[in-house]
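Below is one structure, written out as structure tokens; comments come after it.
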There are 2 protein chains.
Amino acid sequence: MSKEALPGLSLCNNAMLRRATRKIGQYYDDVLAPSGLKATQQGLLYQIHISNEPAMGAIASALIMDLSALGHTLKPLIRDGYVETFADPSDRRIKRVRLTPRGLVKLDEAMKLWQVAQQRFEDMVGKEKAAKLRAALDDISALDFDLPPAS
Amino acid sequence: MSKEALPGLSLCNNAMLRRATRKIGQYYDDVLAPSGLKATQQGLLYQIHISNEPAMGAIASALIMDLSALGHTLKPLIRDGYVETFADPSDRRIKRVRLTPRGLVKLDEAMKLWQVAQQRFEDMVGKEKAAKLRAALDDISALDFDLPPAS
DNA sequence: TTGATTTAGTGGTATATGCCACTATTAATG
DNA sequence: CATTAATAGTGGCATATACCACTAAATCAA
């Protein structure tokens with residue numbers, strides 16, 4: 001069996017990224033669990049918080065997320081009263097998003113837990129190494145893979 | 001507004017990881033699209049291929065994936081006839097997984113596309129840097145965040 | 001051997017994410 | 001101004017992924 005000689009997925013940038021994301025995601029989720037938020041939700045609330053009543057498209061761009069995916073992800077947060085939306089008066093196509101007071105309180109709660117997770121992670125990985133990793137991730141997030149769209 | 005002074009999500013290891021994963025995932029998915037497989041599926045088929053009729057649990061461990069999540073992810077691949085399962089004769093709790101001939105053909109097709117995506121990625125990022133990134137991702141995937149389970 | 005425990009998967013439910021087709025608005029153009 | 005084109009979101013559908021409760025099977029213990 002030459003199968004044994006085949007390289008593992010450790011060569012695939014995408015597979016390694018996904019695997020690490022599952023691992024770290026579970027960890028952050030665990031720590032955030034007492035707040036009732038997933039790490040993705042905490043991140044989304046935070047992104048909304050630091051922006052100025054951002055349009056959905058602006059959030060999606062910042063997070064490199066599909067617009068419709070964002071819409072779906074927002075639903076539970078709206079349902080739970082953490083977030084509300086309103087039409088931009090000057091352009092009714094645009095829907096803006098903001099935290100509710102309840103959402104702000106919940107974000108505060110979640111951020112305290114996030115700090116615990118983040119600190120522990122940095123302690124284990126090393127502040128330096130973590131920063132380098134984030135920088136590398138930021139770099140590849142900024143890549144422009146424009147495949148010939150043949151427009 | 002002190003909001004403007006708040007750090008972005010670029011400090012959160014988890015958020016950066018997810019964001020990069022979305023970005024790279026979309027890229028690999030795009031390149032793999034002609035095969036009809038998602039990058040996650042190609043990765044899963046490959047993992048099965050290089051293993052020896054692995055048990056579901058073994059695959060899940062290797063990919064750091066929840067066992068039930070693996071079961072769900074496997075369904076479309078079984079439905080499409082790329083993968084089949086069978087009970088381990090010596091331990092009927094264990095369900096083993098293997099590629100069908102059709103699955104093997106499909107994997108070959110997908111791997112050719114994967115190589116294109118992978119090569120292009122490495123060209124853009126740099127072979128060296130990509131290898132370092134994968135190594136870092138492998139390291140953090142191996143971390144042991146054992147939170148006090150208070151059993 | 002029988003009863004308690006651990007192990008391996010399944011199914012349900014919920015969030016995460018993406019693509020596509022479609023609608024509503026706004027902008028651009030002749 | 002009326003058409004056409006571009007922009008911003010929505011909704012449906014599909015996969016990705018997790019947790020939980022539950023079942024079946026094997027193991028351990030008394």
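Each chain in the structure tokens gets a letter, A, B, ..., in the order shown, and its residues are numbered from 1; ligands are numbered from 1 in order too.
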
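Applying a distance limit of 12 Å to only C-alpha atoms (C1' of nucleotides), the residues of chain C near chain A read DA14, DT15, DA16, DT17, DG18, DC19, DC20, DT23, DA24, DT25, DT26 and DA27 of chain C.
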
I need the residues in region 62-151 of chain B that are strand (DSSP E or B) according to DSSP; give them as an MDAnalysis selection string.
chainID B and resid 83:87 95:99

Can those selected residues be exported to a file as a PDB file, in the first residue's frame so that it contains C-alpha atoms?
ATOM      1  CA  VAL B  83     -18.197   6.693   0.387  1.00  0.00           C
ATOM      2  CA  GLU B  84     -19.579   3.607   2.043  1.00  0.00           C
ATOM      3  CA  THR B  85     -19.583   2.311   5.566  1.00  0.00           C
ATOM      4  CA  PHE B  86     -19.569  -1.109   7.141  1.00  0.00           C
ATOM      5  CA  ALA B  87     -19.567  -2.470  10.646  1.00  0.00           C
ATOM      6  CA  LYS B  95     -18.463   1.721  11.876  1.00  0.00           C
ATOM      7  CA  ARG B  96     -15.694   1.833   9.326  1.00  0.00           C
ATOM      8  CA  VAL B  97     -15.574   4.018   6.276  1.00  0.00           C
ATOM      9  CA  ARG B  98     -14.055   3.594   2.835  1.00  0.00           C
ATOM     10  CA  LEU B  99     -14.177   5.226  -0.587  1.00  0.00           C
TER      11      LEU B  99
END

Write out as number ranges by chain each polymer residue whose atoms come within 10 Å of Asp30 (chain A), counting only C-alpha atoms (C1' of nucleotides); drop sequence neighbours fewer than 5 positions from it.
A: 24-25, 37-39, 113, 117; B: 147

Distance limit 9 Å, atoms considered: only C-alpha atoms (C1' of nucleotides). Which chain D residues sit that close to chain B? Return them as a list of chain:residue names.
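The complete set of qualifying residues is D:DT15, D:DA16, D:DT17, D:DA18, D:DA24, D:DA25, D:DA26.
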
Just want the 6 Å neighbourhood of region 15-20 of chain B, counted on only C-alpha atoms (C1' of nucleotides), with same-chain residues fewer than 2 positions away dropped. Output as number ranges by chain.
A: 21, 137, 141; B: 12-13, 22-23

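CA of Ile59 (chain B) is positioned 28.0 Å from CA of Lys129 (chain B).
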
Suppose you want the space between CA of Leu45 (chain A) and CA of Ser90 (chain A); what is it in Å?
24.6 Å

Taking the chain letters and numbering used in this document, name the residues of chain B that DSSP puts in helix (DSSP H, G or I), as an mmCIF file with N, CA and C atoms, in the first residue's frame.
data_model
loop_
_atom_site.group_PDB
_atom_site.id
_atom_site.type_symbol
_atom_site.label_atom_id
_atom_site.label_comp_id
_atom_site.auth_asym_id
_atom_site.auth_seq_id
_atom_site.Cartn_x
_atom_site.Cartn_y
_atom_site.Cartn_z
ATOM 1 N N SER B 2 -15.580 56.952 22.514
ATOM 2 C CA SER B 2 -14.337 56.224 22.725
ATOM 3 C C SER B 2 -14.358 54.932 21.909
ATOM 4 N N LYS B 3 -15.492 54.685 21.326
ATOM 5 C CA LYS B 3 -15.625 53.495 20.474
ATOM 6 C C LYS B 3 -14.518 53.421 19.437
ATOM 7 N N GLU B 4 -14.204 54.579 18.926
ATOM 8 C CA GLU B 4 -13.195 54.621 17.862
ATOM 9 C C GLU B 4 -11.862 54.097 18.367
ATOM 10 N N ALA B 5 -11.674 54.185 19.664
ATOM 11 C CA ALA B 5 -10.397 53.772 20.223
ATOM 12 C C ALA B 5 -10.345 52.279 20.545
ATOM 13 N N LEU B 9 -11.269 43.468 15.928
ATOM 14 C CA LEU B 9 -11.225 42.039 16.231
ATOM 15 C C LEU B 9 -9.872 41.460 15.899
ATOM 16 N N SER B 10 -9.005 42.300 15.348
ATOM 17 C CA SER B 10 -7.711 41.784 14.907
ATOM 18 C C SER B 10 -6.899 41.258 16.086
ATOM 19 N N LEU B 11 -7.371 41.539 17.293
ATOM 20 C CA LEU B 11 -6.664 41.014 18.459
ATOM 21 C C LEU B 11 -7.152 39.634 18.853
ATOM 22 N N ASN B 13 -7.702 35.941 18.518
ATOM 23 C CA ASN B 13 -7.138 34.814 17.781
ATOM 24 C C ASN B 13 -8.228 34.017 17.082
ATOM 25 N N ASN B 14 -9.321 33.843 17.788
ATOM 26 C CA ASN B 14 -10.405 33.049 17.214
ATOM 27 C C ASN B 14 -11.055 33.763 16.030
ATOM 28 N N ALA B 15 -11.315 35.043 16.199
ATOM 29 C CA ALA B 15 -11.974 35.795 15.127
ATOM 30 C C ALA B 15 -11.102 35.848 13.875
ATOM 31 N N MET B 16 -9.808 36.039 14.070
ATOM 32 C CA MET B 16 -8.915 36.114 12.919
ATOM 33 C C MET B 16 -8.834 34.772 12.202
ATOM 34 N N LEU B 17 -8.856 33.749 13.008
ATOM 35 C CA LEU B 17 -8.812 32.401 12.452
ATOM 36 C C LEU B 17 -10.050 32.139 11.610
ATOM 37 N N ARG B 18 -11.186 32.472 12.148
ATOM 38 C CA ARG B 18 -12.435 32.239 11.419
ATOM 39 C C ARG B 18 -12.474 33.062 10.140
ATOM 40 N N ARG B 19 -12.047 34.292 10.260
ATOM 41 C CA ARG B 19 -12.098 35.166 9.101
ATOM 42 C C ARG B 19 -11.205 34.635 7.988
ATOM 43 N N ALA B 20 -9.998 34.255 8.355
ATOM 44 C CA ALA B 20 -9.079 33.716 7.352
ATOM 45 C C ALA B 20 -9.642 32.418 6.772
ATOM 46 N N THR B 21 -10.266 31.645 7.606
ATOM 47 C CA THR B 21 -10.829 30.376 7.137
ATOM 48 C C THR B 21 -11.947 30.623 6.129
ATOM 49 N N ARG B 22 -12.761 31.622 6.388
ATOM 50 C CA ARG B 22 -13.807 31.946 5.410
ATOM 51 C C ARG B 22 -13.171 32.336 4.086
ATOM 52 N N LYS B 23 -12.179 33.207 4.177
ATOM 53 C CA LYS B 23 -11.538 33.689 2.963
ATOM 54 C C LYS B 23 -10.905 32.549 2.160
ATOM 55 N N ILE B 24 -10.071 31.784 2.821
ATOM 56 C CA ILE B 24 -9.353 30.719 2.125
ATOM 57 C C ILE B 24 -10.308 29.609 1.710
ATOM 58 N N GLY B 25 -11.288 29.369 2.549
ATOM 59 C CA GLY B 25 -12.278 28.353 2.215
ATOM 60 C C GLY B 25 -13.004 28.703 0.928
ATOM 61 N N GLN B 26 -13.363 29.967 0.794
ATOM 62 C CA GLN B 26 -14.048 30.374 -0.435
ATOM 63 C C GLN B 26 -13.143 30.185 -1.645
ATOM 64 N N TYR B 27 -11.873 30.482 -1.448
ATOM 65 C CA TYR B 27 -10.931 30.340 -2.558
ATOM 66 C C TYR B 27 -10.789 28.871 -2.977
ATOM 67 N N TYR B 28 -10.504 28.016 -2.024
ATOM 68 C CA TYR B 28 -10.359 26.596 -2.367
ATOM 69 C C TYR B 28 -11.673 26.052 -2.938
ATOM 70 N N ASP B 29 -12.766 26.465 -2.360
ATOM 71 C CA ASP B 29 -14.067 26.019 -2.877
ATOM 72 C C ASP B 29 -14.261 26.429 -4.331
ATOM 73 N N ASP B 30 -13.875 27.655 -4.628
ATOM 74 C CA ASP B 30 -14.027 28.147 -5.999
ATOM 75 C C ASP B 30 -13.239 27.272 -6.970
ATOM 76 N N VAL B 31 -12.002 27.006 -6.598
ATOM 77 C CA VAL B 31 -11.151 26.238 -7.504
ATOM 78 C C VAL B 31 -11.672 24.806 -7.634
ATOM 79 N N LEU B 32 -12.191 24.268 -6.538
ATOM 80 C CA LEU B 32 -12.682 22.890 -6.572
ATOM 81 C C LEU B 32 -14.060 22.764 -7.216
ATOM 82 N N ALA B 33 -14.725 23.872 -7.392
ATOM 83 C CA ALA B 33 -16.119 23.847 -7.846
ATOM 84 C C ALA B 33 -16.376 22.935 -9.054
ATOM 85 N N PRO B 34 -15.499 22.951 -10.065
ATOM 86 C CA PRO B 34 -15.769 22.114 -11.231
ATOM 87 C C PRO B 34 -15.924 20.631 -10.884
ATOM 88 N N SER B 35 -15.368 20.210 -9.771
ATOM 89 C CA SER B 35 -15.476 18.801 -9.385
ATOM 90 C C SER B 35 -16.807 18.517 -8.706
ATOM 91 N N ALA B 39 -14.335 22.026 -0.602
ATOM 92 C CA ALA B 39 -12.991 21.723 -0.108
ATOM 93 C C ALA B 39 -13.066 20.827 1.133
ATOM 94 N N THR B 40 -14.081 21.038 1.940
ATOM 95 C CA THR B 40 -14.226 20.194 3.131
ATOM 96 C C THR B 40 -14.444 18.736 2.732
ATOM 97 N N GLN B 41 -15.200 18.542 1.684
ATOM 98 C CA GLN B 41 -15.496 17.186 1.241
ATOM 99 C C GLN B 41 -14.265 16.531 0.636
ATOM 100 N N GLN B 42 -13.533 17.298 -0.149
ATOM 101 C CA GLN B 42 -12.304 16.775 -0.732
ATOM 102 C C GLN B 42 -11.343 16.387 0.398
ATOM 103 N N GLY B 43 -11.262 17.233 1.391
ATOM 104 C CA GLY B 43 -10.381 16.942 2.522
ATOM 105 C C GLY B 43 -10.805 15.679 3.247
ATOM 106 N N LEU B 44 -12.098 15.533 3.383
ATOM 107 C CA LEU B 44 -12.614 14.356 4.083
ATOM 108 C C LEU B 44 -12.369 13.086 3.275
ATOM 109 N N LEU B 45 -12.641 13.147 1.982
ATOM 110 C CA LEU B 45 -12.377 11.989 1.124
ATOM 111 C C LEU B 45 -10.897 11.627 1.196
ATOM 112 N N TYR B 46 -10.063 12.639 1.161
ATOM 113 C CA TYR B 46 -8.624 12.380 1.204
ATOM 114 C C TYR B 46 -8.229 11.713 2.516
ATOM 115 N N GLN B 47 -8.743 12.236 3.588
ATOM 116 C CA GLN B 47 -8.430 11.669 4.902
ATOM 117 C C GLN B 47 -8.851 10.204 4.964
ATOM 118 N N ILE B 48 -9.992 9.908 4.414
ATOM 119 C CA ILE B 48 -10.453 8.520 4.391
ATOM 120 C C ILE B 48 -9.513 7.682 3.523
ATOM 121 N N HIS B 49 -9.150 8.281 2.396
ATOM 122 C CA HIS B 49 -8.298 7.557 1.451
ATOM 123 C C HIS B 49 -6.961 7.165 2.048
ATOM 124 N N ILE B 50 -6.333 8.088 2.762
ATOM 125 C CA ILE B 50 -4.996 7.804 3.279
ATOM 126 C C ILE B 50 -5.046 6.985 4.559
ATOM 127 N N MET B 56 -15.208 5.787 12.235
ATOM 128 C CA MET B 56 -15.675 7.167 12.275
ATOM 129 C C MET B 56 -14.945 7.967 13.343
ATOM 130 N N GLY B 57 -14.798 7.344 14.510
ATOM 131 C CA GLY B 57 -14.125 8.041 15.592
ATOM 132 C C GLY B 57 -12.697 8.420 15.247
ATOM 133 N N ALA B 58 -12.034 7.560 14.496
ATOM 134 C CA ALA B 58 -10.650 7.834 14.123
ATOM 135 C C ALA B 58 -10.574 9.046 13.200
ATOM 136 N N ILE B 59 -11.505 9.101 12.270
ATOM 137 C CA ILE B 59 -11.536 10.249 11.362
ATOM 138 C C ILE B 59 -11.806 11.525 12.150
ATOM 139 N N ALA B 60 -12.811 11.436 13.008
ATOM 140 C CA ALA B 60 -13.177 12.608 13.799
ATOM 141 C C ALA B 60 -11.985 13.096 14.617
ATOM 142 N N SER B 61 -11.266 12.181 15.216
ATOM 143 C CA SER B 61 -10.088 12.568 15.994
ATOM 144 C C SER B 61 -9.058 13.244 15.118
ATOM 145 N N ALA B 62 -8.779 12.634 13.996
ATOM 146 C CA ALA B 62 -7.746 13.173 13.117
ATOM 147 C C ALA B 62 -8.091 14.590 12.670
ATOM 148 N N LEU B 63 -9.353 14.813 12.442
ATOM 149 C CA LEU B 63 -9.773 16.129 11.955
ATOM 150 C C LEU B 63 -10.186 17.064 13.089
ATOM 151 N N LEU B 67 -17.812 13.949 16.524
ATOM 152 C CA LEU B 67 -18.196 12.713 15.857
ATOM 153 C C LEU B 67 -19.526 12.839 15.136
ATOM 154 N N SER B 68 -20.463 13.485 15.756
ATOM 155 C CA SER B 68 -21.777 13.604 15.109
ATOM 156 C C SER B 68 -21.703 14.562 13.915
ATOM 157 N N ALA B 69 -20.845 15.559 14.031
ATOM 158 C CA ALA B 69 -20.659 16.470 12.902
ATOM 159 C C ALA B 69 -20.106 15.701 11.721
ATOM 160 N N LEU B 70 -19.180 14.811 12.011
ATOM 161 C CA LEU B 70 -18.618 13.987 10.950
ATOM 162 C C LEU B 70 -19.714 13.149 10.297
ATOM 163 N N GLY B 71 -20.558 12.564 11.140
ATOM 164 C CA GLY B 71 -21.655 11.759 10.603
ATOM 165 C C GLY B 71 -22.505 12.556 9.638
ATOM 166 N N HIS B 72 -22.819 13.784 10.019
ATOM 167 C CA HIS B 72 -23.640 14.622 9.157
ATOM 168 C C HIS B 72 -22.919 14.983 7.865
ATOM 169 N N THR B 73 -21.648 15.297 8.000
ATOM 170 C CA THR B 73 -20.866 15.707 6.837
ATOM 171 C C THR B 73 -20.707 14.556 5.856
ATOM 172 N N LEU B 74 -20.707 13.359 6.407
ATOM 173 C CA LEU B 74 -20.525 12.180 5.578
ATOM 174 C C LEU B 74 -21.767 11.878 4.736
ATOM 175 N N LYS B 75 -22.908 12.287 5.219
ATOM 176 C CA LYS B 75 -24.161 11.903 4.559
ATOM 177 C C LYS B 75 -24.233 12.238 3.082
ATOM 178 N N PRO B 76 -23.943 13.484 2.707
ATOM 179 C CA PRO B 76 -24.011 13.788 1.270
ATOM 180 C C PRO B 76 -23.048 12.927 0.461
ATOM 181 N N LEU B 77 -21.916 12.610 1.049
ATOM 182 C CA LEU B 77 -20.911 11.829 0.327
ATOM 183 C C LEU B 77 -21.369 10.385 0.150
ATOM 184 N N ILE B 78 -22.096 9.890 1.129
ATOM 185 C CA ILE B 78 -22.657 8.540 1.021
ATOM 186 C C ILE B 78 -23.796 8.556 0.009
ATOM 187 N N ARG B 79 -24.646 9.564 0.148
ATOM 188 C CA ARG B 79 -25.766 9.714 -0.771
ATOM 189 C C ARG B 79 -25.291 9.742 -2.230
ATOM 190 N N PRO B 101 -15.281 2.951 -5.535
ATOM 191 C CA PRO B 101 -14.500 3.210 -6.753
ATOM 192 C C PRO B 101 -14.847 4.581 -7.332
ATOM 193 N N ARG B 102 -16.127 4.845 -7.356
ATOM 194 C CA ARG B 102 -16.596 6.155 -7.812
ATOM 195 C C ARG B 102 -16.000 7.290 -6.979
ATOM 196 N N GLY B 103 -15.898 7.060 -5.696
ATOM 197 C CA GLY B 103 -15.333 8.067 -4.804
ATOM 198 C C GLY B 103 -13.860 8.290 -5.083
ATOM 199 N N LEU B 104 -13.191 7.220 -5.402
ATOM 200 C CA LEU B 104 -11.770 7.307 -5.691
ATOM 201 C C LEU B 104 -11.528 8.127 -6.959
ATOM 202 N N VAL B 105 -12.353 7.872 -7.949
ATOM 203 C CA VAL B 105 -12.254 8.634 -9.195
ATOM 204 C C VAL B 105 -12.508 10.120 -8.928
ATOM 205 N N LYS B 106 -13.556 10.362 -8.161
ATOM 206 C CA LYS B 106 -13.890 11.756 -7.846
ATOM 207 C C LYS B 106 -12.776 12.435 -7.063
ATOM 208 N N LEU B 107 -12.185 11.690 -6.150
ATOM 209 C CA LEU B 107 -11.090 12.252 -5.370
ATOM 210 C C LEU B 107 -9.914 12.619 -6.276
ATOM 211 N N ASP B 108 -9.603 11.728 -7.213
ATOM 212 C CA ASP B 108 -8.521 12.029 -8.161
ATOM 213 C C ASP B 108 -8.791 13.333 -8.881
ATOM 214 N N GLU B 109 -10.017 13.444 -9.346
ATOM 215 C CA GLU B 109 -10.405 14.657 -10.059
ATOM 216 C C GLU B 109 -10.227 15.890 -9.166
ATOM 217 N N ALA B 110 -10.699 15.752 -7.944
ATOM 218 C CA ALA B 110 -10.639 16.889 -7.024
ATOM 219 C C ALA B 110 -9.203 17.230 -6.650
ATOM 220 N N MET B 111 -8.381 16.219 -6.499
ATOM 221 C CA MET B 111 -6.995 16.476 -6.092
ATOM 222 C C MET B 111 -6.241 17.278 -7.146
ATOM 223 N N LYS B 112 -6.591 17.050 -8.397
ATOM 224 C CA LYS B 112 -5.928 17.829 -9.448
ATOM 225 C C LYS B 112 -6.267 19.312 -9.271
ATOM 226 N N LEU B 113 -7.511 19.573 -8.995
ATOM 227 C CA LEU B 113 -7.928 20.953 -8.771
ATOM 228 C C LEU B 113 -7.304 21.500 -7.487
ATOM 229 N N TRP B 114 -7.268 20.635 -6.482
ATOM 230 C CA TRP B 114 -6.672 21.061 -5.216
ATOM 231 C C TRP B 114 -5.232 21.516 -5.438
ATOM 232 N N GLN B 115 -4.516 20.771 -6.251
ATOM 233 C CA GLN B 115 -3.130 21.135 -6.501
ATOM 234 C C GLN B 115 -3.017 22.521 -7.130
ATOM 235 N N VAL B 116 -3.958 22.817 -7.990
ATOM 236 C CA VAL B 116 -3.965 24.145 -8.606
ATOM 237 C C VAL B 116 -4.164 25.216 -7.535
ATOM 238 N N ALA B 117 -5.163 25.001 -6.700
ATOM 239 C CA ALA B 117 -5.457 25.965 -5.638
ATOM 240 C C ALA B 117 -4.265 26.099 -4.697
ATOM 241 N N GLN B 118 -3.752 24.973 -4.306
ATOM 242 C CA GLN B 118 -2.645 24.943 -3.353
ATOM 243 C C GLN B 118 -1.415 25.647 -3.933
ATOM 244 N N GLN B 119 -1.093 25.330 -5.161
ATOM 245 C CA GLN B 119 0.084 25.908 -5.811
ATOM 246 C C GLN B 119 -0.032 27.428 -5.903
ATOM 247 N N ARG B 120 -1.214 27.838 -6.343
ATOM 248 C CA ARG B 120 -1.453 29.272 -6.501
ATOM 249 C C ARG B 120 -1.364 29.993 -5.156
ATOM 250 N N PHE B 121 -1.905 29.351 -4.147
ATOM 251 C CA PHE B 121 -1.836 29.923 -2.805
ATOM 252 C C PHE B 121 -0.374 30.072 -2.375
ATOM 253 N N GLU B 122 0.377 29.017 -2.580
ATOM 254 C CA GLU B 122 1.782 29.041 -2.151
ATOM 255 C C GLU B 122 2.576 30.082 -2.939
ATOM 256 N N ASP B 123 2.223 30.231 -4.191
ATOM 257 C CA ASP B 123 2.899 31.240 -4.994
ATOM 258 C C ASP B 123 2.633 32.634 -4.442
ATOM 259 N N MET B 124 1.403 32.853 -4.031
ATOM 260 C CA MET B 124 1.044 34.187 -3.563
ATOM 261 C C MET B 124 1.600 34.469 -2.172
ATOM 262 N N VAL B 125 1.564 33.462 -1.320
ATOM 263 C CA VAL B 125 1.964 33.669 0.066
ATOM 264 C C VAL B 125 3.461 33.433 0.251
ATOM 265 N N LYS B 127 6.213 29.912 -0.278
ATOM 266 C CA LYS B 127 6.240 28.531 0.205
ATOM 267 C C LYS B 127 6.639 28.479 1.669
ATOM 268 N N GLU B 128 7.662 29.272 1.957
ATOM 269 C CA GLU B 128 8.200 29.332 3.314
ATOM 270 C C GLU B 128 7.139 29.759 4.321
ATOM 271 N N LYS B 129 6.519 30.870 3.986
ATOM 272 C CA LYS B 129 5.544 31.451 4.907
ATOM 273 C C LYS B 129 4.338 30.531 5.092
ATOM 274 N N ALA B 130 3.931 29.915 3.993
ATOM 275 C CA ALA B 130 2.796 28.995 4.085
ATOM 276 C C ALA B 130 3.141 27.824 4.993
ATOM 277 N N ALA B 131 4.338 27.313 4.856
ATOM 278 C CA ALA B 131 4.757 26.181 5.688
ATOM 279 C C ALA B 131 4.777 26.584 7.159
ATOM 280 N N LYS B 132 5.260 27.783 7.418
ATOM 281 C CA LYS B 132 5.306 28.260 8.807
ATOM 282 C C LYS B 132 3.898 28.419 9.371
ATOM 283 N N LEU B 133 3.029 28.945 8.519
ATOM 284 C CA LEU B 133 1.647 29.109 8.960
ATOM 285 C C LEU B 133 1.039 27.749 9.306
ATOM 286 N N ARG B 134 1.203 26.788 8.425
ATOM 287 C CA ARG B 134 0.649 25.457 8.698
ATOM 288 C C ARG B 134 1.229 24.862 9.973
ATOM 289 N N ALA B 135 2.514 25.094 10.172
ATOM 290 C CA ALA B 135 3.140 24.562 11.381
ATOM 291 C C ALA B 135 2.524 25.203 12.624
ATOM 292 N N ALA B 136 2.313 26.505 12.544
ATOM 293 C CA ALA B 136 1.716 27.204 13.685
ATOM 294 C C ALA B 136 0.299 26.692 13.935
ATOM 295 N N LEU B 137 -0.429 26.472 12.848
ATOM 296 C CA LEU B 137 -1.795 25.982 12.980
ATOM 297 C C LEU B 137 -1.792 24.573 13.571
ATOM 298 N N ASP B 138 -0.803 23.793 13.160
ATOM 299 C CA ASP B 138 -0.697 22.447 13.685
ATOM 300 C C ASP B 138 -0.409 22.489 15.179
ATOM 301 N N ASP B 139 0.455 23.408 15.564
ATOM 302 C CA ASP B 139 0.778 23.555 16.985
ATOM 303 C C ASP B 139 -0.460 23.871 17.804
ATOM 304 N N ILE B 140 -1.208 24.849 17.351
ATOM 305 C CA ILE B 140 -2.342 25.229 18.193
ATOM 306 C C ILE B 140 -3.427 24.169 18.138
ATOM 307 N N SER B 141 -3.480 23.414 17.066
ATOM 308 C CA SER B 141 -4.442 22.318 17.018
ATOM 309 C C SER B 141 -4.097 21.249 18.041
#

B:Pro89, B:Asp80, B:Ser51, B:Gly36 ranked by distance to chain A, top pick (using only C-alpha atoms)
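Of B:Pro89, B:Asp80, B:Ser51, B:Gly36, the one nearest chain A is B:Ser51, counting only C-alpha atoms.
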
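When the distance limit is 12 Å and only C-alpha atoms (C1' of nucleotides) are what count, the residues near DC28 (chain D), minus those fewer than 4 positions from it on the same chain, are C:DT2, C:DG3, C:DA4, C:DT5, C:DT6.
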
Could those selected residues go to a file with C-alpha atoms (C1' of nucleotides), as a PDB file, in the first residue's frame?
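Here's the written file part.pdb:
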ATOM      1  C1'  DT C   2     -25.291  -9.987  36.058  1.00  0.00           C
ATOM      2  C1'  DG C   3     -25.304  -5.143  36.786  1.00  0.00           C
ATOM      3  C1'  DA C   4     -22.707  -0.762  36.250  1.00  0.00           C
ATOM      4  C1'  DT C   5     -19.728   1.766  33.209  1.00  0.00           C
ATOM      5  C1'  DT C   6     -17.519   3.111  29.165  1.00  0.00           C
TER       6       DT C   6
END

For each of B:Asp146, B:Thr100, B:Pro54, B:Asp88, take the minimum atom-to-atom distance to chain A, counting only C-alpha atoms, then give the residue where this is smallest.
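The closest residue to chain A is B:Asp146.
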
Contact residues around DT29 (chain C) with only C-alpha atoms (C1' of nucleotides) at 10 Å, ignoring same-chain residues under 2 positions, as number ranges by chain
C: 27; D: 3-5
